[in-house]
>>> print(open('coords-v4.tsv').read())   # TSV, C-alpha atoms
chain	number	residue	atom	x	y	z
A	1	MET	CA	21.74	58.77	81.72
A	2	LYS	CA	22.64	58.56	78.04
A	3	ARG	CA	21.47	54.98	77.98
A	4	LEU	CA	18.08	55.97	79.34
A	5	LEU	CA	17.47	58.65	76.72
A	6	PRO	CA	16.14	56.28	74.04
A	7	LEU	CA	13.88	54.71	76.65
A	8	PHE	CA	12.49	58.11	77.67
A	9	THR	CA	12.02	59.03	74.03
A	10	LEU	CA	10.15	55.82	73.42
A	11	LEU	CA	7.97	56.32	76.47
A	12	ALA	CA	7.21	59.90	75.48
A	13	ALA	CA	6.30	58.87	71.94
A	14	THR	CA	4.04	56.11	73.22
A	15	ALA	CA	2.31	58.44	75.63
A	16	CYS	CA	1.42	60.81	72.79
A	17	GLN	CA	-0.30	58.09	70.77
A	18	PRO	CA	-3.79	56.71	71.04
A	19	ARG	CA	-4.13	53.34	72.75
A	20	TYR	CA	-6.57	50.98	71.05
A	21	ASP	CA	-9.58	50.31	73.21
A	22	GLY	CA	-12.08	48.74	70.84
A	23	ILE	CA	-14.19	50.09	68.03
A	24	GLU	CA	-17.64	51.58	67.80
A	25	LEU	CA	-19.94	50.43	64.99
A	26	THR	CA	-22.90	52.65	64.15
A	27	PRO	CA	-25.34	51.52	61.46
A	28	ILE	CA	-26.31	54.51	59.35
A	29	THR	CA	-28.89	52.85	57.13
A	30	THR	CA	-32.07	51.07	58.11
A	31	PRO	CA	-32.51	47.74	56.37
A	32	PRO	CA	-35.98	46.27	55.77
A	33	VAL	CA	-35.38	43.46	58.28
A	34	PRO	CA	-33.76	43.81	61.72
A	35	VAL	CA	-30.01	43.34	62.10
A	36	ARG	CA	-27.62	43.38	65.03
A	37	ILE	CA	-24.43	45.28	64.42
A	38	ASP	CA	-22.12	46.26	67.25
A	39	ALA	CA	-18.57	45.67	68.36
A	40	GLU	CA	-19.53	42.40	70.06
A	41	GLU	CA	-21.47	40.70	67.34
A	42	ILE	CA	-22.84	41.06	63.84
A	43	GLU	CA	-26.03	39.27	62.83
A	44	MET	CA	-27.72	39.84	59.48
A	45	SER	CA	-29.99	38.02	57.04
A	46	VAL	CA	-28.95	36.98	53.55
A	47	GLY	CA	-29.47	39.70	50.96
A	48	ILE	CA	-29.28	42.61	53.39
A	49	ALA	CA	-26.67	45.38	53.18
A	50	VAL	CA	-26.06	47.97	55.89
A	51	GLY	CA	-23.92	51.10	55.87
A	52	VAL	CA	-21.85	51.25	59.05
A	53	ASP	CA	-19.73	54.05	60.48
A	54	VAL	CA	-16.69	52.74	62.32
A	55	LYS	CA	-14.79	54.64	64.98
A	56	PRO	CA	-11.67	53.34	66.72
A	57	LEU	CA	-11.68	54.10	70.44
A	58	SER	CA	-8.65	55.07	72.46
A	59	SER	CA	-8.08	54.66	76.17
A	60	ALA	CA	-5.25	57.21	76.10
A	61	ARG	CA	-5.62	60.98	76.21
A	62	PHE	CA	-5.03	61.05	72.49
A	63	GLU	CA	-7.77	59.97	70.12
A	64	TYR	CA	-7.19	58.45	66.72
A	65	TYR	CA	-6.93	60.88	63.83
A	66	SER	CA	-9.63	60.62	61.22
A	67	ASP	CA	-7.02	59.66	58.64
A	68	ASP	CA	-5.45	56.93	60.74
A	69	PRO	CA	-5.83	53.83	58.59
A	70	LEU	CA	-8.57	51.46	59.66
A	71	SER	CA	-9.61	48.34	57.87
A	72	LEU	CA	-12.22	45.67	58.40
A	73	ARG	CA	-11.77	42.38	56.55
A	74	SER	CA	-14.14	39.47	56.39
A	75	GLN	CA	-12.56	36.07	56.88
A	76	ASP	CA	-15.16	34.57	54.56
A	77	ARG	CA	-16.55	36.83	51.83
A	78	ALA	CA	-18.93	34.10	50.72
A	79	ILE	CA	-20.78	34.70	54.01
A	80	LEU	CA	-20.31	38.39	54.78
A	81	ARG	CA	-18.59	41.01	52.65
A	82	VAL	CA	-17.23	44.23	54.12
A	83	GLU	CA	-16.96	46.79	51.34
A	84	PRO	CA	-15.37	50.26	51.41
A	85	THR	CA	-17.15	53.52	50.66
A	86	GLU	CA	-15.83	56.94	49.69
A	87	ASN	CA	-15.60	57.71	53.41
A	88	PRO	CA	-12.66	55.72	54.88
A	89	ARG	CA	-14.52	55.31	58.17
A	90	ARG	CA	-17.69	54.04	56.53
A	91	PHE	CA	-18.20	50.48	55.33
A	92	VAL	CA	-21.03	48.47	53.88
A	93	PHE	CA	-21.69	45.04	55.36
A	94	VAL	CA	-23.27	42.74	52.79
A	95	ALA	CA	-24.80	39.46	53.97
A	96	VAL	CA	-24.13	37.05	51.12
A	97	GLY	CA	-24.72	33.51	52.39
A	98	PRO	CA	-25.78	31.75	55.60
A	99	GLY	CA	-23.04	30.81	58.04
A	100	THR	CA	-20.64	32.25	60.57
A	101	THR	CA	-17.39	34.10	60.06
A	102	CYS	CA	-15.32	36.80	61.73
A	103	ILE	CA	-14.45	40.36	60.74
A	104	ASP	CA	-10.79	41.18	61.30
A	105	ILE	CA	-10.04	44.62	62.70
A	106	GLU	CA	-6.86	46.48	61.79
A	107	VAL	CA	-6.16	49.97	63.12
A	108	VAL	CA	-2.97	51.80	62.15
A	109	ARG	CA	-1.60	48.56	60.74
A	110	GLU	CA	-2.08	46.69	64.00
A	111	GLU	CA	-4.47	43.76	64.23
A	112	HIS	CA	-6.99	43.88	67.05
A	113	GLY	CA	-8.92	40.65	66.88
A	114	CYS	CA	-12.18	40.07	65.10
A	115	ILE	CA	-15.93	40.49	65.50
A	116	PRO	CA	-17.95	37.28	65.17
A	117	ALA	CA	-20.56	37.50	62.45
A	118	THR	CA	-23.56	35.32	61.70
A	119	VAL	CA	-25.56	35.46	58.50
A	120	LEU	CA	-28.98	33.88	58.73
A	121	ALA	CA	-30.94	32.37	55.89
A	122	ALA	CA	-33.38	35.02	54.76
A	123	PRO	CA	-36.92	35.02	56.10
A	124	ASN	CA	-39.38	34.70	53.23
B	1	MET	CA	-54.32	82.14	75.34
B	2	ARG	CA	-54.98	81.66	71.66
B	3	THR	CA	-51.32	82.02	70.72
B	4	PRO	CA	-50.16	78.57	71.95
B	5	SER	CA	-52.90	76.90	69.91
B	6	LEU	CA	-51.87	78.87	66.85
B	7	LEU	CA	-48.23	77.99	67.38
B	8	LEU	CA	-49.16	74.32	67.78
B	9	LEU	CA	-51.15	74.46	64.57
B	10	LEU	CA	-48.27	76.08	62.74
B	11	ALA	CA	-45.85	73.48	64.09
B	12	LEU	CA	-48.12	70.66	62.93
B	13	ALA	CA	-48.46	72.27	59.54
B	14	ALA	CA	-44.70	72.46	59.26
B	15	CYS	CA	-44.40	68.77	60.14
B	16	THR	CA	-46.97	67.71	57.56
B	17	ASP	CA	-45.52	69.77	54.76
B	18	THR	CA	-44.93	67.61	51.74
B	19	ASN	CA	-41.93	67.82	49.52
B	20	ASP	CA	-42.90	68.63	45.97
B	21	ASN	CA	-39.65	67.19	44.65
B	22	TYR	CA	-40.36	63.71	45.94
B	23	ASP	CA	-40.75	61.40	42.96
B	24	PRO	CA	-42.91	58.29	43.48
B	25	GLY	CA	-41.19	56.81	40.43
B	26	ALA	CA	-37.84	56.82	42.25
B	27	LYS	CA	-36.63	54.45	44.90
B	28	TYR	CA	-34.29	56.59	46.93
B	29	GLY	CA	-30.94	55.21	48.01
B	30	GLU	CA	-30.34	54.63	51.70
B	31	PHE	CA	-27.27	56.87	51.84
B	32	GLY	CA	-29.37	59.74	50.49
B	33	ASP	CA	-27.03	60.27	47.56
B	34	GLY	CA	-28.87	58.67	44.69
B	35	ALA	CA	-32.11	57.30	43.35
B	36	PHE	CA	-32.97	54.19	41.40
B	37	LEU	CA	-35.49	54.37	38.55
B	38	TYR	CA	-37.38	51.53	36.92
B	39	ARG	CA	-36.70	51.72	33.18
B	40	CYS	CA	-39.52	51.00	30.77
B	41	VAL	CA	-37.88	48.89	28.11
B	42	VAL	CA	-40.63	46.48	27.07
B	43	ASP	CA	-43.96	47.55	25.60
B	44	GLY	CA	-46.88	46.55	27.76
B	45	ASP	CA	-44.90	46.23	31.01
B	46	ALA	CA	-47.62	46.58	33.64
B	47	THR	CA	-45.29	48.69	35.81
B	48	CYS	CA	-44.97	51.26	33.04
B	49	ARG	CA	-48.27	52.98	32.50
B	50	GLY	CA	-48.11	55.73	29.98
B	51	ASP	CA	-45.46	56.58	27.46
B	52	PHE	CA	-42.50	57.28	29.72
B	53	ASP	CA	-38.89	56.17	29.84
B	54	THR	CA	-39.19	55.23	33.51
B	55	ALA	CA	-42.10	54.05	35.65
B	56	SER	CA	-44.13	56.79	37.27
B	57	ARG	CA	-44.50	54.66	40.40
B	58	PHE	CA	-41.77	52.35	41.61
B	59	PRO	CA	-43.19	48.88	42.36
B	60	GLU	CA	-43.44	47.88	46.00
B	61	ALA	CA	-42.02	44.48	45.19
B	62	LEU	CA	-40.76	42.53	42.20
B	63	ALA	CA	-42.39	39.40	40.86
B	64	LEU	CA	-40.40	36.24	41.30
B	65	GLY	CA	-39.05	35.28	37.89
B	66	SER	CA	-39.39	38.78	36.47
B	67	GLU	CA	-36.75	41.06	35.00
B	68	MET	CA	-36.04	44.67	35.81
B	69	ASP	CA	-33.93	47.32	34.13
B	70	LEU	CA	-32.65	49.89	36.62
B	71	GLU	CA	-31.30	53.37	36.07
B	72	TYR	CA	-29.26	55.28	38.62
B	73	THR	CA	-29.31	59.02	39.12
B	74	TRP	CA	-27.50	61.20	41.63
B	75	GLN	CA	-29.88	62.75	44.09
B	76	ASP	CA	-27.59	64.31	46.57
B	77	ASP	CA	-29.82	66.34	48.79
B	78	PRO	CA	-32.10	64.03	50.78
B	79	ASP	CA	-34.16	66.99	51.99
B	80	THR	CA	-35.01	68.43	48.62
B	81	PHE	CA	-34.49	65.26	46.51
B	82	GLU	CA	-32.45	67.40	44.15
B	83	ASP	CA	-28.99	66.90	42.77
B	84	ASP	CA	-26.67	69.29	44.56
B	85	ASP	CA	-24.05	68.83	41.82
B	86	ASP	CA	-21.56	67.09	44.11
B	87	HIS	CA	-21.05	64.43	41.48
B	88	VAL	CA	-20.83	66.60	38.38
B	89	GLY	CA	-18.62	64.95	35.79
B	90	GLU	CA	-18.42	61.66	37.66
B	91	PRO	CA	-19.33	58.57	35.71
B	92	LEU	CA	-22.44	56.82	36.96
B	93	PRO	CA	-21.73	53.94	39.32
B	94	VAL	CA	-22.12	50.34	38.27
B	95	LEU	CA	-25.09	48.55	39.81
B	96	GLN	CA	-24.54	45.16	41.42
B	97	SER	CA	-26.73	42.70	43.23
B	98	ALA	CA	-25.68	41.87	46.78
B	99	VAL	CA	-26.64	38.23	46.27
B	100	SER	CA	-26.68	36.94	42.71
B	101	SER	CA	-28.51	33.75	43.68
B	102	ARG	CA	-31.47	35.93	44.63
B	103	LEU	CA	-31.22	38.80	42.15
B	104	ARG	CA	-28.90	38.17	39.23
B	105	PHE	CA	-27.55	40.94	37.05
B	106	ASP	CA	-26.75	39.80	33.52
B	107	GLY	CA	-25.12	43.06	32.48
B	108	THR	CA	-28.36	44.57	31.25
B	109	ARG	CA	-31.18	43.55	33.55
B	110	PHE	CA	-31.76	42.17	37.01
B	111	LEU	CA	-33.51	38.80	37.17
B	112	ALA	CA	-35.49	38.03	40.35
B	113	LEU	CA	-34.55	34.44	41.23
B	114	ALA	CA	-35.66	33.89	44.84
B	115	PRO	CA	-38.16	35.52	47.18
B	116	GLY	CA	-37.00	37.82	49.98
B	117	PHE	CA	-35.14	41.06	50.34
B	118	VAL	CA	-32.00	41.83	48.42
B	119	ALA	CA	-29.77	44.88	48.24
B	120	VAL	CA	-28.56	46.50	45.05
B	121	LEU	CA	-25.24	48.29	45.40
B	122	ALA	CA	-24.02	51.24	43.36
B	123	VAL	CA	-20.24	50.89	43.00
B	124	ASN	CA	-17.88	53.55	41.65
B	125	GLY	CA	-14.67	53.10	39.67
B	126	ASN	CA	-12.65	52.68	42.86
B	127	SER	CA	-14.77	49.68	43.92
B	128	GLU	CA	-16.35	51.83	46.63
B	129	ILE	CA	-20.05	51.56	47.39
B	130	VAL	CA	-21.62	54.97	46.90
B	131	GLU	CA	-25.26	54.01	47.36
B	132	LEU	CA	-27.45	51.06	48.22
B	133	VAL	CA	-31.10	50.14	48.17
B	134	HIS	CA	-33.19	47.07	49.03
B	135	PHE	CA	-35.78	45.38	46.85
B	136	GLU	CA	-38.34	42.80	47.85
B	137	ILE	CA	-39.01	39.84	45.61
B	138	ALA	CA	-42.37	38.14	46.09
B	139	ALA	CA	-43.97	35.08	44.56
B	140	VAL	CA	-46.84	35.64	42.14
B	141	ASP	CA	-50.13	34.61	43.69
B	142	GLU	CA	-52.58	35.66	41.02
B	143	VAL	CA	-52.74	37.03	37.52
B	144	ARG	CA	-55.25	39.75	36.66
B	145	ALA	CA	-56.42	41.76	33.70
B	146	ILE	CA	-57.29	45.44	33.72
B	147	PRO	CA	-58.48	47.80	31.01
B	148	SER	CA	-55.74	49.47	29.00
B	149	PRO	CA	-54.68	52.21	29.09
B	150	ALA	CA	-54.81	51.70	32.82
B	151	GLU	CA	-56.31	54.20	35.19
B	152	GLU	CA	-54.42	55.31	38.27
B	153	PHE	CA	-56.33	52.88	40.48
B	154	PRO	CA	-57.31	50.11	38.10
B	155	VAL	CA	-59.91	47.52	39.00
B	156	ALA	CA	-59.48	43.91	37.97
B	157	LEU	CA	-61.87	42.69	35.29
B	158	GLN	CA	-64.24	39.82	36.12
B	159	GLN	CA	-65.96	39.50	32.79
B	160	ILE	CA	-66.11	41.38	29.53
B	161	ASP	CA	-69.19	42.56	27.65
B	162	MET	CA	-68.63	43.65	24.07
B	163	GLN	CA	-70.51	44.39	20.90
B	164	THR	CA	-69.66	42.86	17.57
B	165	PHE	CA	-66.74	44.48	15.77
B	166	GLU	CA	-65.71	46.27	18.94
B	167	GLU	CA	-61.99	46.21	19.76
B	168	ARG	CA	-60.51	46.60	23.16
B	169	GLU	CA	-57.11	46.54	24.85
B	170	LEU	CA	-56.40	44.76	28.12
B	171	GLN	CA	-53.35	44.77	30.37
B	172	GLY	CA	-52.13	41.72	32.26
B	173	LEU	CA	-50.55	42.10	35.68
B	174	VAL	CA	-49.64	39.98	38.69
B	175	VAL	CA	-50.17	40.39	42.43
B	176	ASP	CA	-48.72	38.66	45.46
B	177	LEU	CA	-50.47	36.98	48.39
B	178	HIS	CA	-51.18	40.37	49.95
B	179	GLY	CA	-52.74	41.76	46.78
B	180	ARG	CA	-49.76	43.98	46.04
B	181	GLU	CA	-49.19	44.58	42.36
B	182	LEU	CA	-45.76	43.23	41.53
B	183	GLY	CA	-43.30	44.89	39.20
B	184	GLY	CA	-40.96	43.36	36.68
B	185	ILE	CA	-41.12	42.20	33.09
B	186	LEU	CA	-42.96	38.91	32.73
B	187	PRO	CA	-44.24	36.90	29.77
B	188	TYR	CA	-48.01	36.63	29.38
B	189	SER	CA	-50.09	34.47	27.11
B	190	TRP	CA	-53.60	35.39	25.94
B	191	THR	CA	-55.95	32.86	24.40
B	192	SER	CA	-59.46	33.07	23.01
B	193	GLU	CA	-61.33	29.81	23.49
B	194	ASP	CA	-63.40	30.57	20.40
B	195	PRO	CA	-61.52	32.64	17.82
B	196	GLY	CA	-64.68	32.66	15.69
B	197	THR	CA	-66.30	34.78	18.40
B	198	LEU	CA	-63.41	36.65	19.98
B	199	GLU	CA	-60.20	37.27	18.11
B	200	ILE	CA	-56.77	38.11	19.48
B	201	VAL	CA	-55.74	40.99	17.24
B	202	THR	CA	-52.34	41.84	18.72
B	203	GLY	CA	-50.49	41.04	21.90
B	204	GLY	CA	-47.52	39.35	20.40
B	205	ASP	CA	-44.64	40.65	22.42
B	206	ASN	CA	-45.94	42.53	25.41
B	207	GLY	CA	-48.39	42.36	28.31
B	208	VAL	CA	-51.11	44.27	26.49
B	209	VAL	CA	-53.52	42.35	24.30
B	210	ARG	CA	-55.91	43.76	21.73
B	211	ILE	CA	-59.08	41.74	21.27
B	212	LYS	CA	-61.88	42.02	18.74
B	213	ALA	CA	-65.46	40.85	19.02
B	214	VAL	CA	-65.99	38.98	15.76
B	215	ALA	CA	-69.43	37.47	16.23
B	216	ALA	CA	-72.24	37.44	18.79
B	217	GLY	CA	-71.95	34.72	21.42
B	218	THR	CA	-70.07	33.81	24.54
B	219	THR	CA	-66.57	32.52	25.06
B	220	ASN	CA	-63.67	32.83	27.45
B	221	LEU	CA	-60.53	34.90	27.25
B	222	VAL	CA	-57.75	33.08	29.06
B	223	LEU	CA	-54.73	34.92	30.39
B	224	THR	CA	-51.80	32.83	31.49
B	225	GLN	CA	-48.66	33.91	33.32
B	226	GLY	CA	-46.39	31.07	34.30
B	227	GLU	CA	-48.42	28.68	36.43
B	228	HIS	CA	-51.25	31.14	36.92
B	229	THR	CA	-54.34	31.41	34.77
B	230	LEU	CA	-57.21	33.87	34.62
B	231	THR	CA	-60.37	32.95	32.73
B	232	LEU	CA	-62.54	35.89	31.76
B	233	PRO	CA	-66.04	35.16	30.41
B	234	VAL	CA	-66.78	37.27	27.35
B	235	THR	CA	-70.28	38.04	26.13
B	236	ILE	CA	-70.65	39.57	22.71
B	237	GLU	CA	-73.91	41.06	21.50
B	238	VAL	CA	-74.77	42.32	18.05
B	239	GLY	CA	-73.66	45.92	17.90
B	240	SER	CA	-73.82	48.88	15.62
B	241	GLY	CA	-70.76	47.80	13.72
B	242	THR	CA	-68.52	50.62	14.86
B	243	VAL	CA	-65.14	50.05	16.44
B	244	SER	CA	-65.00	51.17	20.05
B	245	GLU	CA	-61.85	51.87	21.99
B	246	SER	CA	-63.73	52.00	25.23
B	247	ALA	CA	-63.02	49.53	27.96
B	248	THR	CA	-65.55	50.89	30.36
B	249	SER	CA	-68.27	48.42	29.56
B	250	ALA	CA	-66.20	45.59	30.93
B	251	THR	CA	-67.43	44.38	34.28
B	252	GLU	CA	-64.98	45.23	36.97
B	253	THR	CA	-64.70	43.88	40.46
B	254	SER	CA	-65.34	46.27	43.28
B	255	ASP	CA	-62.78	44.29	45.18
B	256	PRO	CA	-59.46	44.60	43.43
B	257	THR	CA	-58.20	41.50	45.17
B	258	SER	CA	-60.32	39.27	43.01
B	259	GLY	CA	-60.87	39.07	39.33
B	260	GLY	CA	-62.30	36.54	36.90
B	261	THR	CA	-61.74	32.88	37.50
B	262	THR	CA	-58.22	32.20	38.51
B	263	SER	CA	-56.32	29.03	38.92
B	264	ASP	CA	-52.81	27.98	39.49
B	265	THR	CA	-50.81	24.93	40.33
B	266	ASP	CA	-49.82	26.49	43.63
B	267	SER	CA	-46.20	25.81	42.93
B	268	ASP	CA	-45.22	29.46	43.12
B	269	THR	CA	-42.01	28.74	41.35
B	270	GLY	CA	-42.13	31.94	39.45
B	271	SER	CA	-41.77	29.96	36.27
B	272	THR	CA	-41.74	32.16	33.29
B	273	GLY	CA	-42.51	29.55	30.71
B	274	ASP	CA	-45.71	29.51	28.76
B	275	THR	CA	-48.45	27.19	29.83
B	276	ASP	CA	-50.27	25.01	27.36
B	277	THR	CA	-53.89	25.83	27.85
B	278	GLY	CA	-54.98	22.88	25.81
B	279	SER	CA	-57.07	25.20	23.73
B	280	SER	CA	-57.19	25.22	20.00
B	281	GLY	CA	-58.10	28.89	20.01
B	282	SER	CA	-55.99	31.78	18.89
B	283	THR	CA	-53.10	32.62	21.14
B	284	GLY	CA	-51.02	35.69	21.64
B	285	THR	CA	-47.84	34.99	23.49
B	286	THR	CA	-46.32	38.00	25.11
B	287	GLY	CA	-43.04	38.77	26.74
B	288	GLY	CA	-40.54	36.18	25.69
B	289	VAL	CA	-37.59	37.96	27.21
B	290	LEU	CA	-37.06	35.43	29.94
>>> encode(input="coords-v4.tsv", output="C-alpha cells")
Amino acid sequence: MKRLLPLFTLLAATACQPRYDGIELTPITTPPVPVRIDAEEIEMSVGIAVGVDVKPLSSARFEYYSDDPLSLRSQDRAILRVEPTENPRRFVFVAVGPGTTCIDIEVVREEHGCIPATVLAAPN
Amino acid sequence: MRTPSLLLLLALAACTDTNDNYDPGAKYGEFGDGAFLYRCVVDGDATCRGDFDTASRFPEALALGSEMDLEYTWQDDPDTFEDDDDHVGEPLPVLQSAVSSRLRFDGTRFLALAPGFVAVLAVNGNSEIVELVHFEIAAVDEVRAIPSPAEEFPVALQQIDMQTFEERELQGLVVDLHGRELGGILPYSWTSEDPGTLEIVTGGDNGVVRIKAVAAGTTNLVLTQGEHTLTLPVTIEVGSGTVSESATSATETSDPTSGGTTSDTDSDTGSTGDTDTGSSGSTGTTGGVL
C-alpha cells in the first residue's frame, strides 16, 4: 500500500490539471484584405498584421488558468512573425514575406505541435 | 398604434448618431487604443491644407515613392475617441513598419517603396505591440494642379487665365488610377515655357508654386512629378496692373478626374527624381527630400 501512495498522488495531481486539447485562435482585428486564421491553418498576405486572441483548450474538467504560460513561436520570422502584446493571451501575426512556415505552440512549457502558415505575395 | 413607429424612429436616430469626437485627421488603431496622425513637416504638402501641425484629413492612400511623418497618440476609448488616461506617464510607443521592403522607416519618416497594404506597428519598451494600423500604398496615375489655398473640395485646373502683373499660387497633387488623392511628401517641378510671359516667383522647396503674369500672351505652365507631367495652358491679357491673389479666374474642370494635359511614361515606378522637361524656361523645383 505504501508503494502505491506515490502513484495515487501522481494520479490525483494529474486529474486536477487541464489536459491540452488544442488551441482556439480568434482574430480581433479586421485587416484590409481577407485572411484565414484558425487552429488548423494560417494564411495571410504580405504586409498584413492581425491581432489574435489565443485560448488553450482542455479536455479535462479543469481549464487552463489565464496566467498559465502560453507561447507561439514562428519557425521562420522572415515569413511570419508572431509578436507579443501587453495581454499574454493576445498576439499579433505579421506577414513579412511570401512562403510557408509553422507556428510552434507551447502551453505550460509543453510543446504541442505547430500550425502551418502560408504567406502569400500581396495582391496589388 | 403610433408608438411603435415612434420607437422605430427613435431607434434609427440612435443608430445614426454621429460621434463629435471622431477626428477625420486621425487614422484610428485597430486595437482601439491609439490613433495615428499625419504630421505636416514640409511646406506645400498637398495633404496638409491650412496651417496645422497635422493633416485635417488623413489620406486614403499613400503615393508610391512618397514620404510620411507619423505621430502616435493614445486614444483609449474607441466609443468616444477620447483618451481615458490608461496610459498616463507611459512613453509613446515606437512606430515600426511590418515590412520594410514595402514601407521603410528611416528613423524619422516612412518611405513608401512598393504598392499594396502594409501594417504599421506601435511597439512599447517591452517589445510588445500596443497598436497597429494598415496603410495602402498606390502608384501615382496622374499629377494635377489646384488653386492654393485649396478649398475643401478642390477642382483640378485645366487652364489658367490671368491679367498682367497678377500673381497666383497653385498646389500640385497626385491621384491614383481611381482618382483618389494620394498622401505623402513628393517632389514637384514647375516650369514656365516662356518666362518672359509667365514667371515662376517662388516654389523652390515645396508643392506650392507662385506664378506671376509678366506680359500679355500665351504659354504653358508645366508641372512635373516623377514620370508624370501636367501641361496647363496660360492666357495672359493686359490688366489693370494690380496684383491679385485670386485664383478663381482659373478654368477648372467640372470633372475632378481630369485636368490640363497630362502625360506620363506609364512606368508607374513612383520615381521621385526630377524630369527634364527640355524647356529653357524658368523652373522651380520643389520637394527634394527624397
>>> residues_around(input="coords-v4.tsv", residues="Ile105 of chain A", least_positions_apart="2", cutoff="10 Å", atoms="only C-alpha atoms", output="number ranges by chain")
A: 22-23, 56, 70-74, 102-103, 107, 109-115
>>> interface_residues(input="coords-v4.tsv", of="chain B", to="chain A", cutoff="7 Å", atoms="all atoms listed in the file", output="list of chain:residue names")
B:Glu30, B:Phe31, B:Ala98, B:Val99, B:Pro115, B:Gly116, B:Phe117, B:Val118, B:Ala119, B:Glu128, B:Ile129, B:Val130
>>> residues_around(input="coords-v4.tsv", residues="Thr101 of chain A", least_positions_apart="4", cutoff="9 Å", atoms="all atoms listed in the file", output="PDB file with C-alpha atoms, in the frame of the given file")
ATOM      1  CA  SER A  74     -14.140  39.470  56.390  1.00  0.00           C
ATOM      2  CA  GLN A  75     -12.560  36.070  56.880  1.00  0.00           C
ATOM      3  CA  ASP A  76     -15.160  34.570  54.560  1.00  0.00           C
ATOM      4  CA  ARG A  77     -16.550  36.830  51.830  1.00  0.00           C
ATOM      5  CA  ILE A  79     -20.780  34.700  54.010  1.00  0.00           C
ATOM      6  CA  LEU A  80     -20.310  38.390  54.780  1.00  0.00           C
ATOM      7  CA  ILE A 115     -15.930  40.490  65.500  1.00  0.00           C
ATOM      8  CA  PRO A 116     -17.950  37.280  65.170  1.00  0.00           C
ATOM      9  CA  ALA A 117     -20.560  37.500  62.450  1.00  0.00           C
ATOM     10  CA  THR A 118     -23.560  35.320  61.700  1.00  0.00           C
ATOM     11  CA  VAL A 119     -25.560  35.460  58.500  1.00  0.00           C
TER      12      VAL A 119
END
>>> residues_around(input="coords-v4.tsv", residues="Cys48 of chain B", least_positions_apart="5", cutoff="12 Å", atoms="all atoms listed in the file", output="PyMOL selection string")
chain B and resi 25+37-43+53-59+68-69+148-152+171-173+182-185+206-208
>>> closest_residue(input="coords-v4.tsv", among="B:Glu169, B:Leu70, B:Leu157, B:Ile236", to="Gly203 of chain B", atoms="all atoms listed in the file")
B:Glu169
>>> residues_around(input="coords-v4.tsv", residues="Glu237 of chain B", least_positions_apart="6", cutoff="7 Å", atoms="only C-alpha atoms", output="number ranges by chain")
B: 162-164, 216-217
>>> atom_distance(input="coords-v4.tsv", atom1="atom CA of Ala35 of chain B", atom2="atom CA of Arg104 of chain B")
19.8 Å
>>> atom_distance(input="coords-v4.tsv", atom1="atom CA of Thr100 of chain A", atom2="atom CA of Leu113 of chain B")
23.9 Å
>>> atom_distance(input="coords-v4.tsv", atom1="atom CA of Glu181 of chain B", atom2="atom CA of Thr47 of chain B")
8.7 Å
>>> residues_around(input="coords-v4.tsv", residues="Val120 of chain B", least_positions_apart="4", cutoff="6 Å", atoms="only C-alpha atoms", output="PDB file with C-alpha atoms, keeping the file's coordinate frame")
ATOM      1  CA  GLN B  96     -24.540  45.160  41.420  1.00  0.00           C
ATOM      2  CA  SER B  97     -26.730  42.700  43.230  1.00  0.00           C
ATOM      3  CA  ALA B  98     -25.680  41.870  46.780  1.00  0.00           C
ATOM      4  CA  LEU B 132     -27.450  51.060  48.220  1.00  0.00           C
ATOM      5  CA  VAL B 133     -31.100  50.140  48.170  1.00  0.00           C
TER       6      VAL B 133
END
>>> residues_near_point(input="coords-v4.tsv", point="(-21.1, 60.8, 40.0)", cutoff="6 Å", atoms="all atoms listed in the file", output="list in words")
His87, Glu90, Pro91 and Leu92 of chain B
>>> residues_near_point(input="coords-v4.tsv", point="(-52.0, 32.3, 34.7)", cutoff="9 Å", atoms="all atoms listed in the file", output="list in words")
Glu142, Val143, Arg144, Val174, Tyr188, Ser189, Val222, Leu223, Thr224, Gln225, Gly226, Glu227, His228, Thr229, Leu230, Thr231, Thr262, Ser263, Asp264 and Thr275 of chain B
>>> write_last_selection(input="coords-v4.tsv", atoms="C-alpha atoms", output="PDB file, in the frame of the given file")
ATOM      1  CA  GLU B 142     -52.580  35.660  41.020  1.00  0.00           C
ATOM      2  CA  VAL B 143     -52.740  37.030  37.520  1.00  0.00           C
ATOM      3  CA  ARG B 144     -55.250  39.750  36.660  1.00  0.00           C
ATOM      4  CA  VAL B 174     -49.640  39.980  38.690  1.00  0.00           C
ATOM      5  CA  TYR B 188     -48.010  36.630  29.380  1.00  0.00           C
ATOM      6  CA  SER B 189     -50.090  34.470  27.110  1.00  0.00           C
ATOM      7  CA  VAL B 222     -57.750  33.080  29.060  1.00  0.00           C
ATOM      8  CA  LEU B 223     -54.730  34.920  30.390  1.00  0.00           C
ATOM      9  CA  THR B 224     -51.800  32.830  31.490  1.00  0.00           C
ATOM     10  CA  GLN B 225     -48.660  33.910  33.320  1.00  0.00           C
ATOM     11  CA  GLY B 226     -46.390  31.070  34.300  1.00  0.00           C
ATOM     12  CA  GLU B 227     -48.420  28.680  36.430  1.00  0.00           C
ATOM     13  CA  HIS B 228     -51.250  31.140  36.920  1.00  0.00           C
ATOM     14  CA  THR B 229     -54.340  31.410  34.770  1.00  0.00           C
ATOM     15  CA  LEU B 230     -57.210  33.870  34.620  1.00  0.00           C
ATOM     16  CA  THR B 231     -60.370  32.950  32.730  1.00  0.00           C
ATOM     17  CA  THR B 262     -58.220  32.200  38.510  1.00  0.00           C
ATOM     18  CA  SER B 263     -56.320  29.030  38.920  1.00  0.00           C
ATOM     19  CA  ASP B 264     -52.810  27.980  39.490  1.00  0.00           C
ATOM     20  CA  THR B 275     -48.450  27.190  29.830  1.00  0.00           C
TER      21      THR B 275
END
